[in-house]
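Q: Data file run00.tsv (TSV, C-alpha atoms) is appended below.
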```tsv
chain	number	residue	atom	x	y	z
A	1	MET	CA	-9.83	-2.11	-94.23
A	2	SER	CA	-7.28	-1.34	-91.57
A	3	VAL	CA	-7.37	1.55	-89.11
A	4	GLN	CA	-4.72	2.46	-86.57
A	5	VAL	CA	-5.97	3.42	-83.12
A	6	ARG	CA	-3.97	5.37	-80.54
A	7	ILE	CA	-4.77	4.16	-77.04
A	8	PRO	CA	-4.53	6.51	-74.03
A	9	THR	CA	-2.49	5.38	-71.04
A	10	ILE	CA	-5.55	4.58	-68.94
A	11	LEU	CA	-6.88	2.07	-71.50
A	12	ARG	CA	-3.57	0.30	-72.15
A	13	THR	CA	-4.49	-2.27	-69.51
A	14	HIS	CA	-6.86	-3.61	-72.21
A	15	THR	CA	-4.17	-3.74	-74.90
A	16	GLY	CA	-1.32	-5.38	-73.00
A	17	GLY	CA	0.40	-2.00	-72.71
A	18	GLN	CA	0.32	-1.25	-76.45
A	19	LYS	CA	0.00	2.42	-77.41
A	20	LEU	CA	-1.03	1.72	-80.98
A	21	VAL	CA	-3.35	-1.06	-82.13
A	22	THR	CA	-5.01	-1.92	-85.42
A	23	GLY	CA	-8.70	-2.59	-86.01
A	24	GLU	CA	-11.15	-3.11	-88.86
A	25	GLY	CA	-14.45	-1.56	-89.86
A	26	ASP	CA	-16.00	1.03	-92.17
A	27	SER	CA	-17.60	2.90	-89.27
A	28	LEU	CA	-16.49	3.81	-85.79
A	29	ALA	CA	-19.08	1.45	-84.26
A	30	LYS	CA	-17.73	-1.49	-86.29
A	31	LEU	CA	-14.17	-0.53	-85.40
A	32	PHE	CA	-14.96	-0.71	-81.67
A	33	ASP	CA	-16.61	-4.12	-82.16
A	34	SER	CA	-13.47	-5.34	-83.92
A	35	LEU	CA	-11.21	-3.88	-81.21
A	36	ASP	CA	-13.23	-5.45	-78.43
A	37	ALA	CA	-12.74	-8.90	-79.98
A	38	GLN	CA	-8.97	-8.50	-79.59
A	39	HIS	CA	-8.87	-6.29	-76.50
A	40	ALA	CA	-11.63	-7.34	-74.14
A	41	GLY	CA	-13.31	-4.54	-72.24
A	42	LEU	CA	-11.96	-1.71	-74.37
A	43	LYS	CA	-15.28	-0.91	-76.06
A	44	GLY	CA	-17.11	-0.68	-72.74
A	45	ARG	CA	-14.79	2.09	-71.57
A	46	VAL	CA	-15.64	4.22	-74.59
A	47	VAL	CA	-19.19	3.23	-75.61
A	48	THR	CA	-22.17	3.16	-73.21
A	49	ASP	CA	-24.62	0.27	-72.91
A	50	GLU	CA	-27.06	2.46	-74.84
A	51	GLY	CA	-24.64	2.61	-77.74
A	52	THR	CA	-23.41	6.18	-77.48
A	53	LEU	CA	-20.00	7.60	-76.66
A	54	HIS	CA	-19.32	8.20	-72.99
A	55	ARG	CA	-19.59	11.88	-72.08
A	56	PHE	CA	-16.00	12.27	-70.89
A	57	VAL	CA	-14.13	10.53	-73.68
A	58	ASN	CA	-12.93	12.20	-76.85
A	59	VAL	CA	-12.60	10.16	-80.04
A	60	TYR	CA	-11.05	11.59	-83.18
A	61	ILE	CA	-10.83	10.36	-86.75
A	62	ASN	CA	-7.61	11.94	-87.97
A	63	ASP	CA	-8.04	15.49	-86.57
A	64	GLU	CA	-11.86	15.54	-86.36
A	65	ASP	CA	-13.72	15.13	-83.08
A	66	VAL	CA	-16.28	12.47	-84.04
A	67	ARG	CA	-19.05	14.24	-82.11
A	68	PHE	CA	-19.20	16.66	-85.05
A	69	ILE	CA	-19.13	14.02	-87.81
A	70	GLY	CA	-21.77	11.50	-86.76
A	71	GLY	CA	-20.43	9.96	-83.55
A	72	LEU	CA	-20.28	6.17	-83.73
A	73	ASP	CA	-21.83	6.29	-87.23
A	74	ALA	CA	-18.85	8.26	-88.56
A	75	ALA	CA	-17.36	6.59	-91.62
A	76	LEU	CA	-13.81	5.24	-91.72
A	77	ALA	CA	-11.55	4.85	-94.72
A	78	ASP	CA	-8.50	2.67	-95.11
A	79	GLY	CA	-5.48	4.36	-93.54
A	80	ASP	CA	-7.47	6.62	-91.19
A	81	GLN	CA	-6.04	7.12	-87.74
A	82	VAL	CA	-8.32	7.06	-84.70
A	83	THR	CA	-7.27	8.65	-81.39
A	84	ILE	CA	-8.99	8.05	-78.05
A	85	LEU	CA	-8.37	10.62	-75.31
A	86	PRO	CA	-9.83	11.22	-71.87
A	87	ALA	CA	-11.78	14.46	-71.74
A	88	VAL	CA	-10.02	16.53	-69.10
A	89	ALA	CA	-12.69	18.36	-67.14
A	90	GLY	CA	-14.07	19.13	-63.71
A	91	GLY	CA	-15.66	21.80	-61.63
A	92	MET	CA	-16.13	23.01	-58.13
B	1	MET	CA	5.40	-0.79	-50.71
B	2	SER	CA	9.09	-0.15	-51.29
B	3	HIS	CA	10.18	1.91	-54.25
B	4	ALA	CA	11.82	-1.13	-55.89
B	5	LEU	CA	8.68	-3.19	-55.47
B	6	SER	CA	6.59	-0.34	-56.82
B	7	GLU	CA	8.74	-0.25	-59.96
B	8	ALA	CA	8.37	-3.99	-60.37
B	9	PHE	CA	4.60	-3.56	-60.47
B	10	TRP	CA	4.75	-0.48	-62.69
B	11	PRO	CA	7.77	-1.08	-64.90
B	12	HIS	CA	7.00	1.83	-67.24
B	13	ARG	CA	6.82	4.42	-64.54
B	14	ALA	CA	8.83	5.21	-61.46
B	15	ALA	CA	5.95	7.24	-60.04
B	16	CYS	CA	3.73	5.43	-57.58
B	17	THR	CA	-0.01	5.20	-57.43
B	18	LEU	CA	-0.18	6.03	-53.74
B	19	ALA	CA	1.04	9.29	-52.30
B	20	CYS	CA	4.34	10.32	-53.78
B	21	VAL	CA	6.08	13.65	-54.03
B	22	LEU	CA	5.60	16.13	-56.83
B	23	ARG	CA	9.09	17.48	-57.51
B	24	ILE	CA	8.75	20.53	-59.70
B	25	ALA	CA	10.75	23.59	-60.74
B	26	HIS	CA	9.78	26.88	-59.11
B	27	GLU	CA	9.33	28.47	-62.57
B	28	LEU	CA	6.66	25.90	-63.48
B	29	VAL	CA	4.69	26.58	-60.29
B	30	GLU	CA	4.93	30.31	-61.02
B	31	ALA	CA	3.70	29.66	-64.57
B	32	MET	CA	0.62	27.75	-63.34
B	33	VAL	CA	-0.17	30.48	-60.79
B	34	ALA	CA	0.28	33.24	-63.40
B	35	HIS	CA	-2.10	31.41	-65.75
B	36	ALA	CA	-4.67	30.96	-62.97
B	37	ARG	CA	-4.42	34.67	-62.13
B	38	ALA	CA	-4.72	35.71	-65.76
B	39	ASP	CA	-7.93	33.71	-66.28
B	40	HIS	CA	-9.51	34.64	-62.94
B	41	PRO	CA	-12.50	34.72	-62.30
B	42	ASP	CA	-12.82	31.85	-64.81
B	43	GLU	CA	-11.17	28.54	-63.98
B	44	ALA	CA	-7.85	28.02	-65.77
B	45	CYS	CA	-6.51	24.61	-66.83
B	46	GLY	CA	-3.43	23.12	-68.40
B	47	LEU	CA	-0.73	20.50	-68.42
B	48	ILE	CA	2.93	20.03	-67.70
B	49	ALA	CA	4.43	17.38	-69.93
B	50	GLY	CA	7.65	15.46	-69.40
B	51	PRO	CA	9.70	12.77	-71.13
B	52	GLU	CA	7.76	9.49	-71.15
B	53	GLY	CA	8.58	7.22	-68.23
B	54	THR	CA	10.48	9.81	-66.19
B	55	GLY	CA	7.66	11.45	-64.26
B	56	GLU	CA	9.57	14.75	-64.49
B	57	PRO	CA	7.50	17.85	-65.24
B	58	LYS	CA	9.29	19.90	-67.90
B	59	ARG	CA	7.05	21.66	-70.42
B	60	HIS	CA	4.20	23.96	-69.41
B	61	ILE	CA	1.18	23.87	-71.73
B	62	PRO	CA	-1.58	26.32	-70.77
B	63	MET	CA	-4.90	25.10	-72.21
B	64	ILE	CA	-8.09	26.91	-73.18
B	65	ASN	CA	-10.97	26.35	-70.79
B	66	ALA	CA	-13.67	25.53	-73.35
B	67	ALA	CA	-16.32	25.94	-70.62
B	68	ARG	CA	-15.18	29.54	-69.95
B	69	SER	CA	-16.75	29.23	-66.54
B	70	THR	CA	-16.09	30.33	-62.97
B	71	THR	CA	-17.15	26.90	-61.72
B	72	PHE	CA	-16.20	24.36	-64.43
B	73	TYR	CA	-13.36	23.60	-66.79
B	74	GLU	CA	-12.96	21.39	-69.82
B	75	PHE	CA	-10.12	21.12	-72.31
B	76	ASP	CA	-11.03	22.30	-75.79
B	77	SER	CA	-11.17	19.04	-77.76
B	78	GLU	CA	-9.45	20.39	-80.88
B	79	GLU	CA	-6.60	21.98	-78.90
B	80	TRP	CA	-6.22	18.83	-76.74
B	81	LYS	CA	-5.78	16.72	-79.88
B	82	GLN	CA	-3.08	19.09	-81.21
B	83	VAL	CA	-1.24	19.04	-77.88
B	84	TYR	CA	-1.51	15.25	-77.67
B	85	ASP	CA	-0.07	14.94	-81.20
B	86	GLN	CA	2.95	17.03	-80.14
B	87	MET	CA	3.41	14.95	-77.00
B	88	TRP	CA	3.12	11.72	-79.02
B	89	ASP	CA	5.77	12.94	-81.50
B	90	ASN	CA	8.06	14.07	-78.64
B	91	ASP	CA	7.61	10.85	-76.60
B	92	GLU	CA	6.16	12.92	-73.77
B	93	GLU	CA	3.46	12.13	-71.23
B	94	VAL	CA	1.22	14.19	-68.98
B	95	VAL	CA	3.04	14.62	-65.66
B	96	VAL	CA	0.85	17.36	-64.18
B	97	ALA	CA	-2.78	18.18	-65.00
B	98	TYR	CA	-3.73	21.41	-63.25
B	99	HIS	CA	-6.73	23.65	-62.91
B	100	SER	CA	-7.76	26.53	-60.72
B	101	HIS	CA	-10.57	27.09	-58.29
B	102	THR	CA	-11.47	30.73	-58.11
B	103	HIS	CA	-13.78	30.81	-55.10
B	104	THR	CA	-13.05	27.62	-53.17
B	105	GLU	CA	-10.07	25.86	-51.69
B	106	ALA	CA	-7.43	24.00	-53.69
B	107	TYR	CA	-8.98	20.57	-53.20
B	108	PRO	CA	-10.53	18.31	-55.88
B	109	SER	CA	-14.30	18.66	-56.06
B	110	ARG	CA	-16.67	15.75	-56.39
B	111	SER	CA	-16.86	16.23	-60.16
B	112	ASP	CA	-13.06	16.61	-60.42
B	113	ALA	CA	-12.62	13.22	-58.76
B	114	GLY	CA	-15.54	11.57	-60.54
B	115	ILE	CA	-14.47	12.56	-64.05
B	116	ALA	CA	-10.79	11.80	-63.41
B	117	SER	CA	-11.77	8.35	-62.14
B	118	GLN	CA	-13.99	7.44	-65.11
B	119	LEU	CA	-11.32	7.97	-67.72
B	120	GLY	CA	-8.45	10.02	-66.40
B	121	LEU	CA	-4.73	10.47	-66.61
B	122	PRO	CA	-3.13	7.69	-64.54
B	123	GLY	CA	0.26	8.64	-63.24
B	124	ALA	CA	-0.53	12.36	-63.49
B	125	HIS	CA	-0.31	14.62	-60.49
B	126	TYR	CA	-3.54	16.60	-60.31
B	127	VAL	CA	-2.58	20.09	-59.16
B	128	LEU	CA	-5.10	22.58	-57.84
B	129	VAL	CA	-4.43	26.30	-57.62
B	130	THR	CA	-6.86	28.54	-55.80
B	131	THR	CA	-7.02	32.23	-56.61
B	132	LYS	CA	-9.69	33.11	-54.05
B	133	ASP	CA	-7.11	35.15	-52.12
B	134	PRO	CA	-6.09	38.06	-54.38
B	135	ASP	CA	-2.55	38.20	-52.99
B	136	VAL	CA	-1.32	34.65	-52.38
B	137	ALA	CA	-2.40	31.64	-54.41
B	138	GLU	CA	-2.45	28.25	-52.74
B	139	VAL	CA	-1.13	25.22	-54.61
B	140	ARG	CA	-1.78	21.57	-53.72
B	141	ALA	CA	-1.12	18.25	-55.48
B	142	PHE	CA	-3.13	15.02	-55.51
B	143	ARG	CA	-3.39	11.58	-57.03
B	144	ILE	CA	-6.90	10.64	-58.10
B	145	ALA	CA	-7.87	7.03	-58.85
B	146	ASP	CA	-11.14	5.17	-58.36
B	147	GLU	CA	-12.60	8.30	-56.75
B	148	VAL	CA	-9.96	8.15	-54.02
B	149	ILE	CA	-8.11	11.42	-53.54
B	150	THR	CA	-4.62	11.20	-52.04
B	151	GLU	CA	-2.78	14.40	-51.30
B	152	GLU	CA	0.96	14.48	-51.86
B	153	PRO	CA	3.62	16.98	-50.86
B	154	ILE	CA	5.16	19.36	-53.38
B	155	GLU	CA	8.93	19.72	-53.42
B	156	VAL	CA	9.94	22.81	-55.35
B	157	THR	CA	13.38	23.08	-56.94
B	158	GLY	CA	15.33	26.17	-57.85
B	159	ALA	CA	13.18	28.46	-55.71
B	160	PRO	CA	14.39	31.95	-54.88
B	161	GLU	CA	14.77	32.91	-51.23
B	162	ALA	CA	11.40	34.60	-50.94
B	163	VAL	CA	8.23	33.63	-52.74
B	164	GLN	CA	5.32	36.04	-52.53
B	165	SER	CA	2.89	34.81	-55.15
B	166	TYR	CA	2.04	31.33	-53.91
B	167	LYS	CA	2.21	28.98	-50.97
B	168	PHE	CA	1.74	25.27	-50.47
B	169	ALA	CA	-0.75	23.85	-48.04
B	170	HIS	CA	-1.26	20.20	-47.25
B	171	THR	CA	-4.35	20.74	-45.14
B	172	PRO	CA	-6.33	23.90	-44.47
B	173	ASP	CA	-5.14	23.84	-40.85
B	174	SER	CA	-1.42	23.48	-41.43
B	175	THR	CA	-0.02	25.80	-44.04
B	176	VAL	CA	3.58	25.08	-44.95
B	177	TYR	CA	5.67	27.81	-46.54
B	178	ASP	CA	8.03	25.48	-48.38
B	179	CYS	CA	9.90	28.33	-49.98
B	180	SER	CA	10.54	30.65	-47.04
```
Is it possible to give me this structure as structure tokens?

A:
Amino acid sequence: MSVQVRIPTILRTHTGGQKLVTGEGDSLAKLFDSLDAQHAGLKGRVVTDEGTLHRFVNVYINDEDVRFIGGLDAALADGDQVTILPAVAGGM
Amino acid sequence: MSHALSEAFWPHRAACTLACVLRIAHELVEAMVAHARADHPDEACGLIAGPEGTGEPKRHIPMINAARSTTFYEFDSEEWKQVYDQMWDNDEEVVVAYHSHTHTEAYPSRSDAGIASQLGLPGAHYVLVTTKDPDVAEVRAFRIADEVITEEPIEVTGAPEAVQSYKFAHTPDSTVYDCS
């Protein structure tokens, strides 16, 4: 099973500058494990040590924000596209 | 670091990581200020995109503040994905990420810097607009990386002779009316 992943600018240091990489896995958690094997350090920028998504990162499967479809347990199908984006936020 | 050396280190981007200049059209500054005024007293937020690799701000994209707050802002995740898809298809990048402060000065807060440093928009100019003065908004630009905030001057292009709706200020003590 192959899934394309769009990498935001800030994480391209982990992918040798590539915007688009390919990973494997039938869940988001497995996909990040597969990505980390090829692109060291990538998973740690997105997933906490406790195994949850970092608060200020958005991950989408196709157009769905994964927070609403099971987080790291969200299922992936062949041909899905995953997008990682920084959450843009702040306050006074 | 010389400009040529900077480009050697950052071949995909002419912009530098230390203080640079934000060169921006007057109309785009007016558009950010108008958005900040329209959403006042809530914080407003948005982007200006430009062709990838150029660092030139071209396309204003006002965003929804999903927090709908006077003290906090956050892009709506669904809208952000749609905007990113358009930018991806157009080979655009974020050149300016802006938001407003409605009661405080136009300087990044601790949470602004902290969140931008965790997973931010490298290469983007972070622009702050304050609407605390009802008549004249103040606009300032910064780089934020590793929780270090570096202010940079704004060079406006195509400005009319007199600008009433905004001013630039590099420090609270030395206001510079770039457009007078």

Q: Could you tell me how far CA of Lys43 in chain A lies from CA of His125 in chain B, in Å and to one decimal?

A: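 Taking CA of Lys43 in chain A as the start and CA of His125 in chain B as the end point, the length is 26.6 Å.
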
Q: Tell me, as a ChimeraX atom specification, which residues lie within 9 Å of Ala106 in chain B, counting only C-alpha atoms; anything in the same chain fewer than 6 positions away does not count.

A: /B:100,127-131,138-141,169

Q: Would you work out the distance separating CA of His103 in chain B from CA of Leu85 in chain A, expressed in Å to one decimal?

A: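 Interatomic distance here is 29.1 Å.
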
Q: Output the contact residues of chain B with respect to chain A at a cut-off of 6 Å, based on all atoms listed in the file, as an MDAnalysis selection string.

A: chainID B and resid 71:75 109 111:112 119:120 122

Q: Could you tell me how far CA of Ser165 in chain B lies from CA of Ile149 in chain B, in Å and to one decimal?

A: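 CA of Ser165 in chain B sits 25.9 Å away from CA of Ile149 in chain B.
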
Q: Considering only C-alpha atoms, can you say which of A:Val66, A:Leu72, A:Val21, A:Leu28 comes closest to Glu50 in chain A?

A: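 Using only C-alpha atoms, Glu50 in chain A sits closest to A:Leu72.
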
Q: Find the residues near Lys132 in chain B: any atom within 8 Å, counting all atoms listed in the file, skip ones fewer than 3 places away on the same chain, and give them as a VMD selection string.

A: chain B and resid 101 to 105 137

Q: Got a sec: who's within 10 Å of Ala75 in chain A, counting all atoms listed in the file, leaving out chain neighbours fewer than 2 positions off, as a PDB file with C-alpha atoms, in the coordinates of the input?

A:
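Below you can see out_25.pdb, which holds the result:
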```pdb
ATOM      1  CA  GLY A  25     -14.450  -1.560 -89.860  1.00  0.00           C
ATOM      2  CA  ASP A  26     -16.000   1.030 -92.170  1.00  0.00           C
ATOM      3  CA  SER A  27     -17.600   2.900 -89.270  1.00  0.00           C
ATOM      4  CA  LEU A  28     -16.490   3.810 -85.790  1.00  0.00           C
ATOM      5  CA  ALA A  29     -19.080   1.450 -84.260  1.00  0.00           C
ATOM      6  CA  LYS A  30     -17.730  -1.490 -86.290  1.00  0.00           C
ATOM      7  CA  LEU A  31     -14.170  -0.530 -85.400  1.00  0.00           C
ATOM      8  CA  ILE A  61     -10.830  10.360 -86.750  1.00  0.00           C
ATOM      9  CA  VAL A  66     -16.280  12.470 -84.040  1.00  0.00           C
ATOM     10  CA  ILE A  69     -19.130  14.020 -87.810  1.00  0.00           C
ATOM     11  CA  GLY A  70     -21.770  11.500 -86.760  1.00  0.00           C
ATOM     12  CA  GLY A  71     -20.430   9.960 -83.550  1.00  0.00           C
ATOM     13  CA  LEU A  72     -20.280   6.170 -83.730  1.00  0.00           C
ATOM     14  CA  ASP A  73     -21.830   6.290 -87.230  1.00  0.00           C
ATOM     15  CA  ALA A  77     -11.550   4.850 -94.720  1.00  0.00           C
ATOM     16  CA  ASP A  80      -7.470   6.620 -91.190  1.00  0.00           C
TER      17      ASP A  80
END
```

Q: Put the listed atoms of range 61-71 of chain A in a box along x, y and z with 4 Å added on every side and give me the centre and edge lengths in Å to one decimal, as lines of an AutoDock Vina configuration file.

A:
```
center_x = -14.7
center_y = 13.3
center_z = -85.0
size_x = 22.2
size_y = 14.7
size_z = 13.9
```

Q: Given only C-alpha atoms as the basis, pick out the residue of A:Leu20, A:Val3, A:His14, A:Asp49 nearest to Ala37 in chain A.

A: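 Using only C-alpha atoms, Ala37 in chain A sits closest to A:His14.
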
Q: Would you please work out which residue, of B:Ile144, B:Val21, B:Ala38, B:Ile48, is nearest to Ser117 in chain B when using all atoms listed in the file?

A: B:Ile144
